[in-house]
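Asker: Sharing query.cif below, mmCIF, N, CA and C atoms:
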data_structure
loop_
_atom_site.label_atom_id
_atom_site.label_comp_id
_atom_site.auth_asym_id
_atom_site.auth_seq_id
_atom_site.Cartn_x
_atom_site.Cartn_y
_atom_site.Cartn_z
N MET F 1 29.43 -39.99 -7.54
CA MET F 1 29.67 -38.67 -7.00
C MET F 1 29.23 -37.57 -7.97
N GLY F 2 29.48 -37.77 -9.25
CA GLY F 2 29.09 -36.80 -10.27
C GLY F 2 27.58 -36.62 -10.33
N GLN F 3 26.84 -37.72 -10.14
CA GLN F 3 25.38 -37.65 -10.18
C GLN F 3 24.87 -36.82 -8.99
N LEU F 4 25.46 -36.97 -7.82
CA LEU F 4 25.06 -36.18 -6.64
C LEU F 4 25.33 -34.70 -6.86
N MET F 5 26.44 -34.39 -7.48
CA MET F 5 26.77 -32.99 -7.77
C MET F 5 25.76 -32.39 -8.76
N ASP F 6 25.40 -33.19 -9.75
CA ASP F 6 24.40 -32.73 -10.72
C ASP F 6 23.07 -32.45 -10.03
N GLN F 7 22.67 -33.37 -9.13
CA GLN F 7 21.41 -33.17 -8.38
C GLN F 7 21.49 -31.93 -7.51
N ALA F 8 22.61 -31.76 -6.83
CA ALA F 8 22.79 -30.59 -5.96
C ALA F 8 22.69 -29.31 -6.77
N ASN F 9 23.34 -29.28 -7.93
CA ASN F 9 23.27 -28.10 -8.79
C ASN F 9 21.86 -27.86 -9.29
N ASP F 10 21.15 -28.96 -9.61
CA ASP F 10 19.77 -28.84 -10.06
C ASP F 10 18.89 -28.24 -8.96
N TYR F 11 19.06 -28.73 -7.74
CA TYR F 11 18.27 -28.20 -6.61
C TYR F 11 18.64 -26.75 -6.32
N ARG F 12 19.91 -26.45 -6.42
CA ARG F 12 20.37 -25.08 -6.19
C ARG F 12 19.75 -24.16 -7.24
N GLY F 13 19.72 -24.61 -8.47
CA GLY F 13 19.12 -23.81 -9.54
C GLY F 13 17.63 -23.59 -9.32
N LYS F 14 16.92 -24.64 -8.90
CA LYS F 14 15.49 -24.51 -8.61
C LYS F 14 15.27 -23.53 -7.45
N ALA F 15 16.10 -23.66 -6.41
CA ALA F 15 15.97 -22.76 -5.26
C ALA F 15 16.23 -21.32 -5.67
N ASP F 16 17.19 -21.09 -6.53
CA ASP F 16 17.47 -19.73 -7.01
C ASP F 16 16.31 -19.16 -7.81
N ARG F 17 15.71 -20.00 -8.66
CA ARG F 17 14.55 -19.54 -9.44
C ARG F 17 13.36 -19.21 -8.54
N ILE F 18 13.13 -20.03 -7.52
CA ILE F 18 12.02 -19.78 -6.58
C ILE F 18 12.29 -18.50 -5.80
N ARG F 19 13.52 -18.32 -5.35
CA ARG F 19 13.88 -17.11 -4.61
C ARG F 19 13.67 -15.87 -5.48
N LYS F 20 14.07 -15.97 -6.76
CA LYS F 20 13.91 -14.83 -7.67
C LYS F 20 12.43 -14.52 -7.90
N ARG F 21 11.60 -15.57 -8.07
CA ARG F 21 10.15 -15.35 -8.23
C ARG F 21 9.56 -14.69 -7.00
N ASN F 22 9.99 -15.13 -5.81
CA ASN F 22 9.49 -14.53 -4.57
C ASN F 22 9.88 -13.06 -4.47
N LEU F 23 11.12 -12.75 -4.80
CA LEU F 23 11.56 -11.36 -4.76
C LEU F 23 10.78 -10.50 -5.75
N ASN F 24 10.55 -11.03 -6.95
CA ASN F 24 9.76 -10.30 -7.95
C ASN F 24 8.33 -10.08 -7.46
N ALA F 25 7.75 -11.11 -6.85
CA ALA F 25 6.38 -10.99 -6.33
C ALA F 25 6.33 -9.94 -5.21
N GLN F 26 7.33 -9.93 -4.35
CA GLN F 26 7.37 -8.94 -3.27
C GLN F 26 7.46 -7.53 -3.83
N GLN F 27 8.26 -7.34 -4.87
CA GLN F 27 8.38 -6.03 -5.51
C GLN F 27 7.06 -5.61 -6.16
N GLU F 28 6.39 -6.55 -6.80
CA GLU F 28 5.09 -6.24 -7.41
C GLU F 28 4.07 -5.85 -6.35
N ILE F 29 4.04 -6.58 -5.25
CA ILE F 29 3.11 -6.27 -4.15
C ILE F 29 3.39 -4.87 -3.61
N LYS F 30 4.66 -4.56 -3.43
CA LYS F 30 5.04 -3.24 -2.93
C LYS F 30 4.57 -2.14 -3.89
N GLN F 31 4.74 -2.36 -5.18
CA GLN F 31 4.34 -1.37 -6.18
C GLN F 31 2.81 -1.22 -6.22
N VAL F 32 2.09 -2.32 -6.12
CA VAL F 32 0.62 -2.26 -6.12
C VAL F 32 0.13 -1.49 -4.89
N ARG F 33 0.72 -1.76 -3.74
CA ARG F 33 0.33 -1.03 -2.52
C ARG F 33 0.60 0.45 -2.66
N LYS F 34 1.74 0.79 -3.23
CA LYS F 34 2.08 2.20 -3.43
C LYS F 34 1.07 2.87 -4.34
N THR F 35 0.74 2.21 -5.44
CA THR F 35 -0.22 2.76 -6.39
C THR F 35 -1.60 2.89 -5.76
N SER F 36 -2.01 1.88 -5.02
CA SER F 36 -3.31 1.90 -4.35
C SER F 36 -3.37 3.03 -3.31
N ARG F 37 -2.30 3.20 -2.56
CA ARG F 37 -2.25 4.26 -1.55
C ARG F 37 -2.37 5.63 -2.21
N LEU F 38 -1.65 5.83 -3.31
CA LEU F 38 -1.73 7.11 -4.00
C LEU F 38 -3.13 7.36 -4.55
N ALA F 39 -3.77 6.32 -5.06
CA ALA F 39 -5.14 6.48 -5.57
C ALA F 39 -6.09 6.86 -4.44
N CYS F 40 -5.93 6.23 -3.28
CA CYS F 40 -6.77 6.56 -2.13
C CYS F 40 -6.52 8.00 -1.68
N MET F 41 -5.26 8.41 -1.68
CA MET F 41 -4.92 9.78 -1.28
C MET F 41 -5.52 10.79 -2.25
N ARG F 42 -5.51 10.48 -3.52
CA ARG F 42 -6.11 11.38 -4.51
C ARG F 42 -7.62 11.49 -4.30
N GLN F 43 -8.25 10.37 -3.99
CA GLN F 43 -9.69 10.40 -3.73
C GLN F 43 -9.99 11.27 -2.51
N LEU F 44 -9.22 11.10 -1.45
CA LEU F 44 -9.45 11.89 -0.24
C LEU F 44 -9.22 13.37 -0.51
N LYS F 45 -8.18 13.69 -1.26
CA LYS F 45 -7.91 15.09 -1.59
C LYS F 45 -9.03 15.67 -2.45
N THR F 46 -9.56 14.88 -3.38
CA THR F 46 -10.66 15.35 -4.21
C THR F 46 -11.90 15.61 -3.35
N ILE F 47 -12.17 14.72 -2.41
CA ILE F 47 -13.30 14.94 -1.49
C ILE F 47 -13.09 16.23 -0.72
N LEU F 48 -11.88 16.45 -0.23
CA LEU F 48 -11.56 17.66 0.51
C LEU F 48 -11.79 18.91 -0.35
N GLU F 49 -11.36 18.87 -1.59
CA GLU F 49 -11.51 20.02 -2.48
C GLU F 49 -12.95 20.27 -2.88
N ARG F 50 -13.72 19.21 -3.10
CA ARG F 50 -15.09 19.36 -3.60
C ARG F 50 -16.11 19.61 -2.49
N ASP F 51 -16.00 18.86 -1.39
CA ASP F 51 -17.00 18.97 -0.33
C ASP F 51 -16.40 18.55 1.01
N PRO F 52 -15.66 19.45 1.67
CA PRO F 52 -14.99 19.10 2.93
C PRO F 52 -15.96 18.66 4.03
N GLU F 53 -17.21 19.05 3.92
CA GLU F 53 -18.18 18.62 4.93
C GLU F 53 -18.36 17.11 4.94
N LEU F 54 -18.13 16.47 3.81
CA LEU F 54 -18.22 15.01 3.77
C LEU F 54 -17.20 14.37 4.72
N ILE F 55 -16.09 15.05 4.92
CA ILE F 55 -15.07 14.53 5.83
C ILE F 55 -15.49 14.78 7.27
N GLY F 56 -15.89 16.00 7.56
CA GLY F 56 -16.28 16.35 8.92
C GLY F 56 -17.50 15.60 9.42
N ASN F 57 -18.41 15.27 8.52
CA ASN F 57 -19.65 14.58 8.90
C ASN F 57 -19.59 13.08 8.61
N ALA F 58 -18.42 12.57 8.30
CA ALA F 58 -18.30 11.16 7.90
C ALA F 58 -18.53 10.23 9.09
N PRO F 59 -19.39 9.22 8.91
CA PRO F 59 -19.57 8.22 9.97
C PRO F 59 -18.32 7.35 10.08
N SER F 60 -18.10 6.80 11.26
CA SER F 60 -16.88 6.01 11.49
C SER F 60 -16.84 4.73 10.65
N ASP F 61 -18.00 4.29 10.17
CA ASP F 61 -18.01 3.08 9.34
C ASP F 61 -18.32 3.42 7.88
N GLY F 62 -18.14 4.68 7.51
CA GLY F 62 -18.47 5.11 6.16
C GLY F 62 -17.28 5.07 5.20
N TYR F 63 -17.55 5.54 4.01
CA TYR F 63 -16.56 5.48 2.92
C TYR F 63 -15.30 6.29 3.24
N VAL F 64 -15.49 7.52 3.72
CA VAL F 64 -14.34 8.39 3.98
C VAL F 64 -13.44 7.79 5.07
N ALA F 65 -14.05 7.31 6.14
CA ALA F 65 -13.26 6.70 7.22
C ALA F 65 -12.53 5.45 6.70
N GLY F 66 -13.19 4.67 5.87
CA GLY F 66 -12.55 3.49 5.29
C GLY F 66 -11.39 3.87 4.37
N LEU F 67 -11.59 4.92 3.62
CA LEU F 67 -10.54 5.42 2.74
C LEU F 67 -9.33 5.86 3.56
N MET F 68 -9.58 6.56 4.64
CA MET F 68 -8.49 7.01 5.51
C MET F 68 -7.79 5.82 6.17
N ASP F 69 -8.56 4.83 6.56
CA ASP F 69 -7.95 3.61 7.13
C ASP F 69 -7.05 2.93 6.11
N ASP F 70 -7.52 2.86 4.86
CA ASP F 70 -6.71 2.24 3.80
C ASP F 70 -5.39 2.99 3.60
N ILE F 71 -5.46 4.32 3.61
CA ILE F 71 -4.26 5.13 3.44
C ILE F 71 -3.27 4.85 4.58
N ASP F 72 -3.78 4.85 5.80
CA ASP F 72 -2.92 4.61 6.96
C ASP F 72 -2.36 3.19 6.98
N ARG F 73 -3.16 2.24 6.57
CA ARG F 73 -2.73 0.84 6.59
C ARG F 73 -1.65 0.57 5.54
N GLN F 74 -1.76 1.24 4.39
CA GLN F 74 -0.82 1.03 3.31
C GLN F 74 0.44 1.89 3.44
N GLY F 75 0.38 2.87 4.32
CA GLY F 75 1.54 3.73 4.55
C GLY F 75 1.90 3.70 6.02
N ARG F 76 1.83 4.87 6.64
CA ARG F 76 2.10 4.97 8.08
C ARG F 76 0.86 5.50 8.77
N SER F 77 0.70 5.13 10.00
CA SER F 77 -0.43 5.61 10.78
C SER F 77 -0.42 7.13 10.83
N GLY F 78 -1.56 7.74 10.54
CA GLY F 78 -1.68 9.19 10.56
C GLY F 78 -1.44 9.86 9.22
N ASP F 79 -1.09 9.09 8.19
CA ASP F 79 -0.84 9.68 6.87
C ASP F 79 -2.07 10.41 6.33
N ALA F 80 -3.25 9.83 6.50
CA ALA F 80 -4.47 10.45 5.97
C ALA F 80 -4.73 11.79 6.65
N GLU F 81 -4.59 11.82 7.96
CA GLU F 81 -4.81 13.09 8.68
C GLU F 81 -3.76 14.12 8.26
N ARG F 82 -2.52 13.69 8.13
CA ARG F 82 -1.47 14.63 7.69
C ARG F 82 -1.78 15.19 6.30
N LEU F 83 -2.30 14.35 5.41
CA LEU F 83 -2.69 14.81 4.08
C LEU F 83 -3.75 15.89 4.18
N LEU F 84 -4.75 15.64 4.99
CA LEU F 84 -5.83 16.62 5.14
C LEU F 84 -5.32 17.92 5.74
N ARG F 85 -4.55 17.82 6.82
CA ARG F 85 -4.04 19.02 7.49
C ARG F 85 -3.11 19.80 6.57
N HIS F 86 -2.28 19.09 5.83
CA HIS F 86 -1.35 19.74 4.90
C HIS F 86 -2.10 20.54 3.83
N ASN F 87 -3.28 20.06 3.48
CA ASN F 87 -4.08 20.73 2.45
C ASN F 87 -5.10 21.69 3.04
N GLY F 88 -4.92 22.07 4.29
CA GLY F 88 -5.71 23.14 4.89
C GLY F 88 -6.96 22.72 5.63
N TYR F 89 -7.22 21.44 5.77
CA TYR F 89 -8.41 20.98 6.49
C TYR F 89 -8.22 21.19 7.98
N THR F 90 -9.21 21.81 8.62
CA THR F 90 -9.12 22.09 10.06
C THR F 90 -10.25 21.46 10.85
N GLY F 91 -11.14 20.76 10.17
CA GLY F 91 -12.31 20.16 10.84
C GLY F 91 -11.98 18.87 11.57
N PRO F 92 -13.02 18.21 12.06
CA PRO F 92 -12.83 16.96 12.78
C PRO F 92 -12.39 15.84 11.83
N ILE F 93 -11.65 14.91 12.39
CA ILE F 93 -11.14 13.77 11.63
C ILE F 93 -11.99 12.55 11.97
N PRO F 94 -12.55 11.89 10.98
CA PRO F 94 -13.33 10.67 11.25
C PRO F 94 -12.46 9.59 11.88
N ARG F 95 -13.01 8.89 12.82
CA ARG F 95 -12.27 7.80 13.50
C ARG F 95 -12.89 6.47 13.20
#
As structure tokens, what does this structure read like?
Answerer:
Amino acid sequence: MGQLMDQANDYRGKADRIRKRNLNAQQEIKQVRKTSRLACMRQLKTILERDPELIGNAPSDGYVAGLMDDIDRQGRSGDAERLLRHNGYTGPIPR
């Protein structure tokens, strides 16, 4: 009986360590996504400040549209457009 209890405790300990690693990995992924989203938002804002025509004339399969898709995918849908509008952009939004 003692040997079974030792095995059970060993398995429980392994399961706890795996669960902790998974939670840590999930937190790291969340932080990386947050950092990536902020970097994308900074790039879009810089484009807006330097040459807003790049946004208005952006092809749907181009860099700006991809950047906006990344922002929306890593946050909430419409975040990229809200960023642009909040910073005074009134032109067309690439789709």
Asker: Quick one: everything within 6.5 Å of stretch 67-81 of chain F, counting all atoms listed in the file, minus sequence neighbours fewer than 6 positions away in the same chain. Send it as a list in words.
Answerer: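 In the requested format, the answer is Arg33, Arg37, Cys40 and Met41 of chain F.
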Asker: Would you return as a ChimeraX atom specification the members of chain F that DSSP assigns to helix (DSSP H, G or I) on this structure's backbone?
Answerer: /F:2-50,53-56,63-74,79-86
Asker: Quick one: pull the distance between atom CA of F:Gly66 and atom N of F:Tyr89, Å, one decimal.
Answerer: 18.7 Å
Asker: Any idea what the distance is between atom C of F:Arg50 and atom N of F:Tyr63?
Answerer: 15.6 Å
Asker: Counting only C-alpha atoms, which residue out of F:Leu23, F:Ala39, F:Asn9, F:Ala58 sits closest to F:Gly91?
Answerer: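 Nearest candidate to F:Gly91 out of F:Leu23, F:Ala39, F:Asn9, F:Ala58: F:Ala58.
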Asker: First collect every listed atom of stretch 66-83 of chain F; then fit an axis-aligned box around them, widen it by 5 Å on each side, and give centre and edge lengths in Å to one decimal, as AutoDock Vina command-line options.
Answerer:
--center_x -5.5 --center_y 8.2 --center_z 6.8 --size_x 25.3 --size_y 25.3 --size_z 18.1
Asker: Between F:Arg95, F:Lys30, F:Arg42, F:His86, single out the one closest to F:Val64, counting all atoms listed in the file.
Answerer: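 Residue with the minimum atom-to-atom distance to F:Val64: F:Arg95.
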Asker: Would you work out the distance separating atom N of F:Arg21 from atom CA of F:Leu4, expressed in Å to one decimal?
Answerer: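 Going from atom N of F:Arg21 over to atom CA of F:Leu4 covers 24.7 Å.
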Asker: Counting only N, CA and C atoms, which residue out of F:Leu44, F:Gln26, F:Pro92, F:Asp10 sits closest to F:Asn57?
Answerer: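 Of the candidates, the smallest distance to F:Asn57 is held by F:Pro92.
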Asker: Would you mind telling me which residue in F:Val32, F:Ala15, F:Ile93, F:Ala25 lies nearest to F:Pro52 when using only C-alpha atoms?
Answerer: F:Ile93
Asker: With N, CA, C and O atoms as the goal, would you fill in the gaps in stretch 82-93 of chain F and present it as a PDB file, in the coordinates of the input?
Answerer:
ATOM      1  N   ARG F  82      -2.520  13.690   8.130  1.00  0.00           N
ATOM      2  CA  ARG F  82      -1.470  14.630   7.690  1.00  0.00           C
ATOM      3  C   ARG F  82      -1.780  15.190   6.300  1.00  0.00           C
ATOM      4  O   ARG F  82      -1.577  16.367   6.042  1.00  0.00           O
ATOM      5  N   LEU F  83      -2.300  14.350   5.410  1.00  0.00           N
ATOM      6  CA  LEU F  83      -2.690  14.810   4.080  1.00  0.00           C
ATOM      7  C   LEU F  83      -3.750  15.890   4.180  1.00  0.00           C
ATOM      8  O   LEU F  83      -3.649  16.941   3.537  1.00  0.00           O
ATOM      9  N   LEU F  84      -4.750  15.640   4.990  1.00  0.00           N
ATOM     10  CA  LEU F  84      -5.830  16.620   5.140  1.00  0.00           C
ATOM     11  C   LEU F  84      -5.320  17.920   5.740  1.00  0.00           C
ATOM     12  O   LEU F  84      -5.616  19.005   5.241  1.00  0.00           O
ATOM     13  N   ARG F  85      -4.550  17.820   6.820  1.00  0.00           N
ATOM     14  CA  ARG F  85      -4.040  19.020   7.490  1.00  0.00           C
ATOM     15  C   ARG F  85      -3.110  19.800   6.570  1.00  0.00           C
ATOM     16  O   ARG F  85      -3.156  21.035   6.528  1.00  0.00           O
ATOM     17  N   HIS F  86      -2.280  19.090   5.830  1.00  0.00           N
ATOM     18  CA  HIS F  86      -1.350  19.740   4.900  1.00  0.00           C
ATOM     19  C   HIS F  86      -2.100  20.540   3.830  1.00  0.00           C
ATOM     20  O   HIS F  86      -1.613  21.560   3.344  1.00  0.00           O
ATOM     21  N   ASN F  87      -3.280  20.060   3.480  1.00  0.00           N
ATOM     22  CA  ASN F  87      -4.080  20.730   2.450  1.00  0.00           C
ATOM     23  C   ASN F  87      -5.100  21.690   3.040  1.00  0.00           C
ATOM     24  O   ASN F  87      -6.055  22.077   2.362  1.00  0.00           O
ATOM     25  N   GLY F  88      -4.920  22.070   4.290  1.00  0.00           N
ATOM     26  CA  GLY F  88      -5.710  23.140   4.890  1.00  0.00           C
ATOM     27  C   GLY F  88      -6.960  22.720   5.630  1.00  0.00           C
ATOM     28  O   GLY F  88      -7.714  23.573   6.093  1.00  0.00           O
ATOM     29  N   TYR F  89      -7.220  21.440   5.770  1.00  0.00           N
ATOM     30  CA  TYR F  89      -8.410  20.980   6.490  1.00  0.00           C
ATOM     31  C   TYR F  89      -8.220  21.190   7.980  1.00  0.00           C
ATOM     32  O   TYR F  89      -7.207  20.806   8.548  1.00  0.00           O
ATOM     33  N   THR F  90      -9.210  21.810   8.620  1.00  0.00           N
ATOM     34  CA  THR F  90      -9.120  22.090  10.060  1.00  0.00           C
ATOM     35  C   THR F  90     -10.250  21.460  10.850  1.00  0.00           C
ATOM     36  O   THR F  90     -10.307  21.611  12.062  1.00  0.00           O
ATOM     37  N   GLY F  91     -11.140  20.760  10.170  1.00  0.00           N
ATOM     38  CA  GLY F  91     -12.310  20.160  10.840  1.00  0.00           C
ATOM     39  C   GLY F  91     -11.980  18.870  11.570  1.00  0.00           C
ATOM     40  O   GLY F  91     -10.818  18.455  11.670  1.00  0.00           O
ATOM     41  N   PRO F  92     -13.020  18.210  12.060  1.00  0.00           N
ATOM     42  CA  PRO F  92     -12.830  16.960  12.780  1.00  0.00           C
ATOM     43  C   PRO F  92     -12.390  15.840  11.830  1.00  0.00           C
ATOM     44  O   PRO F  92     -12.737  15.817  10.662  1.00  0.00           O
ATOM     45  N   ILE F  93     -11.650  14.910  12.390  1.00  0.00           N
ATOM     46  CA  ILE F  93     -11.140  13.770  11.630  1.00  0.00           C
ATOM     47  C   ILE F  93     -11.990  12.550  11.970  1.00  0.00           C
ATOM     48  O   ILE F  93     -12.137  12.208  13.156  1.00  0.00           O
TER      49      ILE F  93
END
